[in-house]
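So this block is start-v4.txt, compact mmCIF, C-alpha atoms:
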```
# COMPACT_ATOMS: atom_id res chain seq x y z
CA GLY A 1 85.11 50.27 80.15
CA ASP A 2 85.02 52.03 83.49
CA TYR A 3 84.02 55.66 83.92
CA ARG A 4 87.06 57.94 83.70
CA SER A 5 87.07 61.57 84.84
CA ARG A 6 89.34 64.25 83.50
CA SER A 7 91.12 66.22 86.20
CA MET A 8 89.31 69.30 87.42
CA GLU A 9 92.37 71.39 86.58
CA SER A 10 92.30 70.34 82.91
CA ILE A 11 88.58 71.05 82.57
CA LEU A 12 88.86 74.45 84.23
CA LYS A 13 91.80 75.27 81.96
CA GLU A 14 89.78 74.37 78.86
CA ALA A 15 86.73 76.31 80.10
CA ALA A 16 88.92 79.38 80.69
CA PHE A 17 90.41 79.01 77.19
CA LEU A 18 86.93 78.83 75.64
CA ALA A 19 85.73 81.83 77.63
CA GLU A 20 88.79 83.85 76.59
CA HIS A 21 87.92 83.10 72.96
CA GLY A 22 84.37 84.36 73.23
CA LYS A 23 82.41 81.24 74.17
CA LYS A 24 79.68 82.17 76.62
CA GLU A 25 78.07 78.81 77.34
CA ILE A 26 79.97 75.88 78.82
CA VAL A 27 78.31 72.47 78.42
CA LEU A 28 79.50 69.72 80.74
CA VAL A 29 78.73 66.46 78.98
CA ALA A 30 79.59 62.85 79.81
CA GLN A 31 78.14 59.38 79.75
CA ASP A 32 77.03 60.22 83.31
CA VAL A 33 78.13 63.70 84.33
CA THR A 34 76.70 63.26 87.83
CA ARG A 35 79.39 60.64 88.48
CA TYR A 36 82.19 63.13 87.82
CA GLY A 37 85.19 62.77 90.11
CA MET A 38 84.30 59.51 91.83
CA ASP A 39 87.22 57.66 90.23
CA LEU A 40 89.79 60.43 90.79
CA TYR A 41 88.72 61.89 94.09
CA GLY A 42 86.66 59.14 95.72
CA GLU A 43 83.55 61.32 95.79
CA LYS A 44 81.24 63.21 93.44
CA ARG A 45 82.79 66.57 92.52
CA LEU A 46 80.38 67.89 89.88
CA VAL A 47 79.15 70.81 91.99
CA ASP A 48 82.76 71.74 92.83
CA LEU A 49 83.51 71.76 89.11
CA ILE A 50 80.49 73.97 88.42
CA ASN A 51 81.59 76.34 91.17
CA GLY A 52 85.04 76.52 89.60
CA ILE A 53 83.64 77.47 86.19
CA THR A 54 81.08 79.97 87.49
CA PRO A 55 83.45 82.91 88.21
CA LEU A 56 85.34 82.65 84.90
CA PRO A 57 85.07 86.00 83.06
CA GLY A 58 82.81 85.79 80.02
CA VAL A 59 80.95 82.63 81.06
CA GLU A 60 77.22 83.36 81.09
CA ARG A 61 75.75 79.86 81.06
CA ILE A 62 76.69 76.41 82.35
CA ARG A 63 74.64 73.43 81.18
CA LEU A 64 74.63 69.76 82.18
CA LEU A 65 73.94 66.85 79.84
CA TYR A 66 73.31 63.22 80.75
CA CYS A 67 72.58 63.05 84.48
CA TYR A 68 71.57 59.55 85.49
CA PRO A 69 68.60 59.86 87.88
CA GLU A 70 70.03 57.83 90.77
CA LEU A 71 72.88 60.32 91.29
CA VAL A 72 70.93 63.58 91.05
CA ASP A 73 71.09 64.52 94.73
CA ASP A 74 70.06 67.47 96.89
CA HIS A 75 73.54 69.01 96.58
CA LEU A 76 73.13 69.28 92.80
CA ILE A 77 69.52 70.44 93.09
CA ASP A 78 70.66 73.18 95.50
CA ALA A 79 73.16 74.33 92.86
CA LEU A 80 70.43 74.43 90.21
CA CYS A 81 68.33 76.56 92.55
CA GLU A 82 71.06 78.93 93.69
CA ASN A 83 73.56 79.37 90.85
CA PRO A 84 72.15 81.82 88.25
CA LYS A 85 74.63 80.68 85.61
CA LEU A 86 73.72 77.00 85.95
CA GLN A 87 70.83 76.56 83.54
CA LYS A 88 67.60 75.13 84.94
CA TYR A 89 67.80 72.27 82.47
CA LEU A 90 68.62 68.60 83.00
CA ASP A 91 68.96 65.73 80.56
CA ILE A 92 67.98 62.61 82.50
CA PRO A 93 68.18 59.53 80.23
CA ILE A 94 65.73 57.13 81.83
CA GLN A 95 65.44 54.74 78.81
CA HIS A 96 62.11 53.25 80.01
CA ILE A 97 59.65 53.44 82.90
CA SER A 98 58.42 49.85 83.29
CA ASP A 99 60.21 48.23 86.23
CA HIS A 100 60.37 45.04 84.19
CA MET A 101 62.25 46.79 81.39
CA LEU A 102 64.44 48.91 83.66
CA LYS A 103 65.69 45.73 85.30
CA ALA A 104 66.28 44.06 81.92
CA MET A 105 68.29 47.12 80.80
CA GLY A 106 70.44 46.96 83.93
CA ARG A 107 69.24 50.30 85.24
CA ARG A 108 69.49 50.96 88.97
CA SER A 109 66.40 53.19 89.22
CA SER A 110 62.81 52.04 89.53
CA ARG A 111 59.72 53.82 88.27
CA ALA A 112 59.05 55.06 91.80
CA ASP A 113 62.60 56.45 92.02
CA ILE A 114 62.30 58.27 88.70
CA GLU A 115 58.91 59.80 89.45
CA SER A 116 60.05 60.83 92.93
CA LEU A 117 63.03 62.68 91.45
CA ILE A 118 60.89 64.38 88.80
CA HIS A 119 58.41 65.59 91.42
CA LYS A 120 61.23 66.86 93.64
CA LEU A 121 62.83 68.76 90.75
CA LYS A 122 59.58 70.35 89.63
CA SER A 123 58.64 71.21 93.21
CA ARG A 124 61.93 72.95 93.98
CA ILE A 125 62.49 74.39 90.49
CA PRO A 126 59.06 75.02 88.93
CA ASP A 127 60.47 76.33 85.63
CA ILE A 128 63.02 73.55 85.13
CA VAL A 129 63.16 72.00 81.66
CA LEU A 130 63.75 68.26 81.44
CA ARG A 131 64.99 66.16 78.55
CA THR A 132 65.19 62.38 78.36
CA SER A 133 65.87 59.57 75.92
CA LEU A 134 63.90 56.35 75.59
CA ILE A 135 64.30 53.00 73.87
CA ALA A 136 61.38 51.35 72.10
CA GLY A 137 61.38 47.64 71.40
CA PHE A 138 64.15 46.50 73.75
CA PRO A 139 64.25 42.66 73.86
CA GLY A 140 61.46 41.30 76.02
CA GLU A 141 59.37 44.47 75.91
CA THR A 142 55.72 43.41 76.06
CA GLU A 143 52.75 45.32 74.76
CA GLU A 144 51.94 46.13 78.40
CA ASP A 145 55.45 47.55 78.93
CA HIS A 146 55.01 49.71 75.84
CA LYS A 147 51.60 50.97 76.96
CA GLU A 148 53.00 51.81 80.40
CA LEU A 149 55.77 53.86 78.81
CA LEU A 150 53.33 55.55 76.43
CA GLU A 151 51.00 56.58 79.25
CA PHE A 152 53.97 57.86 81.23
CA VAL A 153 55.10 60.03 78.31
CA LYS A 154 51.59 61.45 78.03
CA LYS A 155 51.94 62.88 81.54
CA GLY A 156 54.14 65.57 79.98
CA TYR A 157 57.01 65.50 82.45
CA PHE A 158 59.60 66.09 79.71
CA GLN A 159 59.76 69.13 77.47
CA HIS A 160 62.31 67.45 75.18
CA LEU A 161 62.43 63.74 74.44
CA GLY A 162 64.23 61.47 72.03
CA VAL A 163 63.11 57.92 71.21
CA PHE A 164 65.27 55.27 69.60
CA ALA A 165 64.12 51.93 68.23
CA TYR A 166 66.34 49.30 69.83
CA SER A 167 69.26 48.40 67.56
CA ARG A 168 70.73 44.94 68.02
CA GLU A 169 74.53 45.05 68.07
CA GLU A 170 76.95 42.17 68.44
CA GLY A 171 79.08 42.25 71.56
CA THR A 172 76.45 43.91 73.73
CA PRO A 173 74.77 42.07 76.63
CA ALA A 174 71.34 42.55 75.02
CA TYR A 175 72.38 40.93 71.72
CA LYS A 176 71.74 37.40 73.00
CA LEU A 177 68.59 38.20 74.98
CA LYS A 178 65.46 36.30 74.11
CA GLY A 179 62.37 38.12 72.93
CA GLN A 180 63.86 40.22 70.13
CA ILE A 181 61.16 42.51 68.73
CA PRO A 182 60.43 42.65 64.97
CA LYS A 183 61.64 45.84 63.32
CA LYS A 184 58.15 46.88 62.22
CA ILE A 185 56.79 46.68 65.77
CA LYS A 186 59.78 48.58 67.17
CA GLU A 187 59.18 51.39 64.70
CA MET A 188 55.44 51.47 65.42
CA ARG A 189 56.11 51.77 69.15
CA ARG A 190 58.68 54.49 68.56
CA GLU A 191 56.27 56.47 66.37
CA ALA A 192 53.48 56.18 68.97
CA ILE A 193 55.74 57.63 71.66
CA MET A 194 56.91 60.44 69.38
CA ALA A 195 53.30 61.32 68.54
CA ALA A 196 52.47 61.53 72.26
CA GLN A 197 55.52 63.70 72.88
CA GLN A 198 54.54 66.05 70.05
CA GLU A 199 51.41 66.90 72.02
CA ASN A 200 53.59 67.73 75.03
CA VAL A 201 55.82 69.97 72.93
CA MET A 202 52.82 71.85 71.53
CA LYS A 203 51.51 72.48 75.06
CA PHE A 204 54.93 73.57 76.31
CA ASN A 205 55.50 75.95 73.41
CA SER A 206 51.99 77.37 73.68
CA SER A 207 52.59 78.12 77.36
CA ARG A 208 55.54 80.32 76.38
CA ILE A 209 53.64 82.57 73.97
CA HIS A 210 53.58 86.25 75.06
CA HIS A 211 56.36 85.61 77.59
CA TYR A 212 59.87 87.08 77.44
CA TYR A 213 63.05 84.99 77.49
CA ASP A 214 66.73 85.85 77.50
CA THR A 215 67.92 84.38 74.22
CA MET A 216 71.50 83.87 73.08
CA VAL A 217 72.02 84.70 69.40
CA GLU A 218 73.59 81.86 67.42
CA GLY A 219 73.27 83.05 63.83
CA VAL A 220 71.06 84.13 60.95
CA ALA A 221 68.56 81.74 59.37
CA ASP A 222 68.93 80.72 55.73
CA ASP A 223 66.16 83.13 54.69
CA GLY A 224 68.23 86.06 55.94
CA ILE A 225 65.22 87.48 57.79
CA PHE A 226 65.29 85.72 61.14
CA TYR A 227 68.01 85.33 63.68
CA TYR A 228 68.03 82.10 65.64
CA GLY A 229 69.18 81.28 69.13
CA ARG A 230 68.48 79.48 72.38
CA THR A 231 66.99 80.23 75.76
CA TYR A 232 67.88 78.26 78.89
CA ALA A 233 65.34 75.68 77.73
CA GLU A 234 67.27 74.55 74.65
CA ALA A 235 70.58 72.71 74.54
CA PRO A 236 72.79 73.19 71.47
CA GLU A 237 72.34 70.86 68.50
CA ILE A 238 69.78 68.51 70.05
CA ASP A 239 66.84 70.81 70.85
CA PRO A 240 64.72 73.15 68.70
CA VAL A 241 65.75 76.79 68.34
CA ILE A 242 64.07 80.17 68.67
CA TYR A 243 63.65 82.23 65.47
CA PHE A 244 63.26 85.94 65.99
CA THR A 245 63.44 89.32 64.30
CA ALA A 246 65.31 92.39 65.52
CA GLN A 247 65.26 96.02 64.46
CA ALA A 248 68.98 96.50 65.12
CA PRO A 249 71.87 94.28 63.98
CA LEU A 250 72.95 91.56 66.42
CA GLU A 251 76.18 89.64 66.87
CA ASN A 252 76.54 85.95 67.62
CA GLY A 253 76.78 85.53 71.38
CA ASP A 254 74.60 88.56 72.17
CA THR A 255 71.89 87.90 74.72
CA VAL A 256 68.60 89.63 73.96
CA SER A 257 65.11 89.60 75.42
CA VAL A 258 62.73 87.90 73.01
CA LYS A 259 58.97 87.99 73.22
CA MET A 260 57.53 84.72 71.95
CA ILE A 261 54.80 85.35 69.38
CA CYS A 262 53.84 82.02 67.82
CA THR A 263 54.95 78.44 67.23
CA ASP A 264 56.09 76.64 64.09
CA ALA A 265 55.98 72.91 64.76
CA TYR A 266 58.76 72.34 67.31
CA ASP A 267 60.24 75.83 67.00
CA LEU A 268 59.17 79.17 68.48
CA ILE A 269 59.07 82.51 66.69
CA GLY A 270 59.50 85.83 68.45
CA GLU A 271 60.82 89.36 68.29
CA VAL A 272 63.52 91.20 70.19
CA VAL A 273 62.17 93.73 72.65
CA GLY A 274 65.44 94.94 74.15
CA LYS A 275 69.00 93.97 75.00
```
Show how you would write the structure in this file as structure tokens.
Amino acid sequence: GDYRSRSMESILKEAAFLAEHGKKEIVLVAQDVTRYGMDLYGEKRLVDLINGITPLPGVERIRLLYCYPELVDDHLIDALCENPKLQKYLDIPIQHISDHMLKAMGRRSSRADIESLIHKLKSRIPDIVLRTSLIAGFPGETEEDHKELLEFVKKGYFQHLGVFAYSREEGTPAYKLKGQIPKKIKEMRREAIMAAQQENVMKFNSSRIHHYYDTMVEGVADDGIFYYGRTYAEAPEIDPVIYFTAQAPLENGDTVSVKMICTDAYDLIGEVVGK
């Protein structure tokens, strides 16, 4: 169906309710959050919504999920630069990078558009963290398309990345497309992309060692020794977490400064150095 926006009043009311009950991070999530308000107000109102949430008492972080690249404009980038509560983190689901596949998927962006946006974001916000999602084995994907996507991933633009093997579902436009890819090949392509991304994650995590990050406490690990939490670079539930020790007891929702000491696969391990 069509995109449908909730009224700004209802969202602000819910955000205020959450803040009053101790929630310190507000995540704005939608199929395409950058499109917010176009159906109700005739124009994009995402930045206005962010500005409405920003002054709410108790709100420390605002995070955006699922921003389609064609609607990430200078107005939103300005907000990412200027609003200290708006986390320097964007989830931009590009799905593929081959122009041939982007067109087959019905996407409005080209490879040139996507790379131009990435370069603009990283130029204006050097410490921004980017997440994306990709599809391996979409109908008609050639070996050349796959190699183009794989080489693009190896450039390391994205700190977080999810890859899904295309799943054929009745009732979708792609169900009847010619060139369906065998399951084994889809999985092989997915695994190759994930292996390339693992190298990116290792480089990203290594670059954070010996640096200090404001980390929001989310709980105690099963071993009872480490706390775990997130910096601006990790969204809840979908990204890795930070494990850390502390000399004094901490409460969920506390924000502490954590020095990163080492990595453990996708996760980082650190220690609290001060509140």
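Of the listed residues (A:Ile135, A:Ala19, A:Val129, A:Leu76), A:Val129 comes nearest to Asn205 (chain A); the distances count all atoms listed in the file.
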Could you pull the residues within 7 Å of region 210-226 of chain A, counting all atoms listed in the file, minus those fewer than 3 positions along the same chain, as a count of residues only? 17
Measuring between all atoms listed in the file, which one of A:Pro249, A:Leu65, A:Leu149, A:Tyr232 shows the shortest distance to Met194 (chain A)? A:Leu149
Using all atoms listed in the file, which of A:Ala235, A:Leu134, A:Leu49, A:Ala30 sits nearest Gln197 (chain A)?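 Ranked by minimum distance to Gln197 (chain A), first place goes to A:Leu134.
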Which is closer to Lys155 (chain A) than all the others in A:Lys44, A:Lys85, A:Arg35, A:Lys203, using all atoms listed in the file?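 Looking only at the distances to Lys155 (chain A), the closest residue turns out to be A:Lys203.
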Can you work out the spacing between CA of Val153 (chain A) and CA of His75 (chain A) in Å, to one decimal? 27.5 Å
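Checking A:Ala192, A:Gly140, A:His146, A:Ala265 one by one against Lys176 (chain A), counting only C-alpha atoms, you find the shortest gap at A:Gly140.
With CA of Thr142 (chain A) on one side and CA of Met101 (chain A) on the other, the separation reads 9.1 Å.
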Using all atoms listed in the file, collect all residues at a distance of at most 9 Å from (81.3, 71.4, 79.9) as written in the file, then present them as a list in words.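 Within the cut-off we find Ile11, Ala15, Glu25, Ile26, Val27, Leu28, Val29, Ala30, Ile50, Ile62, Arg63, Leu64 and Leu65 of chain A.
Relative to CA of Val72 (chain A), CA of Ile125 (chain A) is found at 13.7 Å.
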Option closest in space to Leu130 (chain A), from A:Ala165, A:Ile92, A:Leu117, A:Ala112 [counting only C-alpha atoms]: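 Among the listed residues, the smallest separation from Leu130 (chain A) belongs to A:Ile92.
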Show which residues sit within 8 Å of region 181-188 of chain A, as a PyMOL selection string. Count all atoms listed in the file, and ignore same-chain residues fewer than 2 positions away. chain A and resi 136-141+165-166+179+190-192
Within 12 Å of (59.2, 57.8, 86.6), all atoms listed in the file: residues as an MDAnalysis selection string? chainID A and resid 69:70 92:99 102 109:120 132 148:153 155:158
Filtering to C-alpha atoms, could you give me those residues as a PDB file, in the frame of the given file?
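Wrote it out as result_5.pdb, contents follow:
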```pdb
ATOM      1  CA  PRO A  69      68.600  59.860  87.880  1.00  0.00           C
ATOM      2  CA  GLU A  70      70.030  57.830  90.770  1.00  0.00           C
ATOM      3  CA  ILE A  92      67.980  62.610  82.500  1.00  0.00           C
ATOM      4  CA  PRO A  93      68.180  59.530  80.230  1.00  0.00           C
ATOM      5  CA  ILE A  94      65.730  57.130  81.830  1.00  0.00           C
ATOM      6  CA  GLN A  95      65.440  54.740  78.810  1.00  0.00           C
ATOM      7  CA  HIS A  96      62.110  53.250  80.010  1.00  0.00           C
ATOM      8  CA  ILE A  97      59.650  53.440  82.900  1.00  0.00           C
ATOM      9  CA  SER A  98      58.420  49.850  83.290  1.00  0.00           C
ATOM     10  CA  ASP A  99      60.210  48.230  86.230  1.00  0.00           C
ATOM     11  CA  LEU A 102      64.440  48.910  83.660  1.00  0.00           C
ATOM     12  CA  SER A 109      66.400  53.190  89.220  1.00  0.00           C
ATOM     13  CA  SER A 110      62.810  52.040  89.530  1.00  0.00           C
ATOM     14  CA  ARG A 111      59.720  53.820  88.270  1.00  0.00           C
ATOM     15  CA  ALA A 112      59.050  55.060  91.800  1.00  0.00           C
ATOM     16  CA  ASP A 113      62.600  56.450  92.020  1.00  0.00           C
ATOM     17  CA  ILE A 114      62.300  58.270  88.700  1.00  0.00           C
ATOM     18  CA  GLU A 115      58.910  59.800  89.450  1.00  0.00           C
ATOM     19  CA  SER A 116      60.050  60.830  92.930  1.00  0.00           C
ATOM     20  CA  LEU A 117      63.030  62.680  91.450  1.00  0.00           C
ATOM     21  CA  ILE A 118      60.890  64.380  88.800  1.00  0.00           C
ATOM     22  CA  HIS A 119      58.410  65.590  91.420  1.00  0.00           C
ATOM     23  CA  LYS A 120      61.230  66.860  93.640  1.00  0.00           C
ATOM     24  CA  THR A 132      65.190  62.380  78.360  1.00  0.00           C
ATOM     25  CA  GLU A 148      53.000  51.810  80.400  1.00  0.00           C
ATOM     26  CA  LEU A 149      55.770  53.860  78.810  1.00  0.00           C
ATOM     27  CA  LEU A 150      53.330  55.550  76.430  1.00  0.00           C
ATOM     28  CA  GLU A 151      51.000  56.580  79.250  1.00  0.00           C
ATOM     29  CA  PHE A 152      53.970  57.860  81.230  1.00  0.00           C
ATOM     30  CA  VAL A 153      55.100  60.030  78.310  1.00  0.00           C
ATOM     31  CA  LYS A 155      51.940  62.880  81.540  1.00  0.00           C
ATOM     32  CA  GLY A 156      54.140  65.570  79.980  1.00  0.00           C
ATOM     33  CA  TYR A 157      57.010  65.500  82.450  1.00  0.00           C
ATOM     34  CA  PHE A 158      59.600  66.090  79.710  1.00  0.00           C
TER      35      PHE A 158
END
```
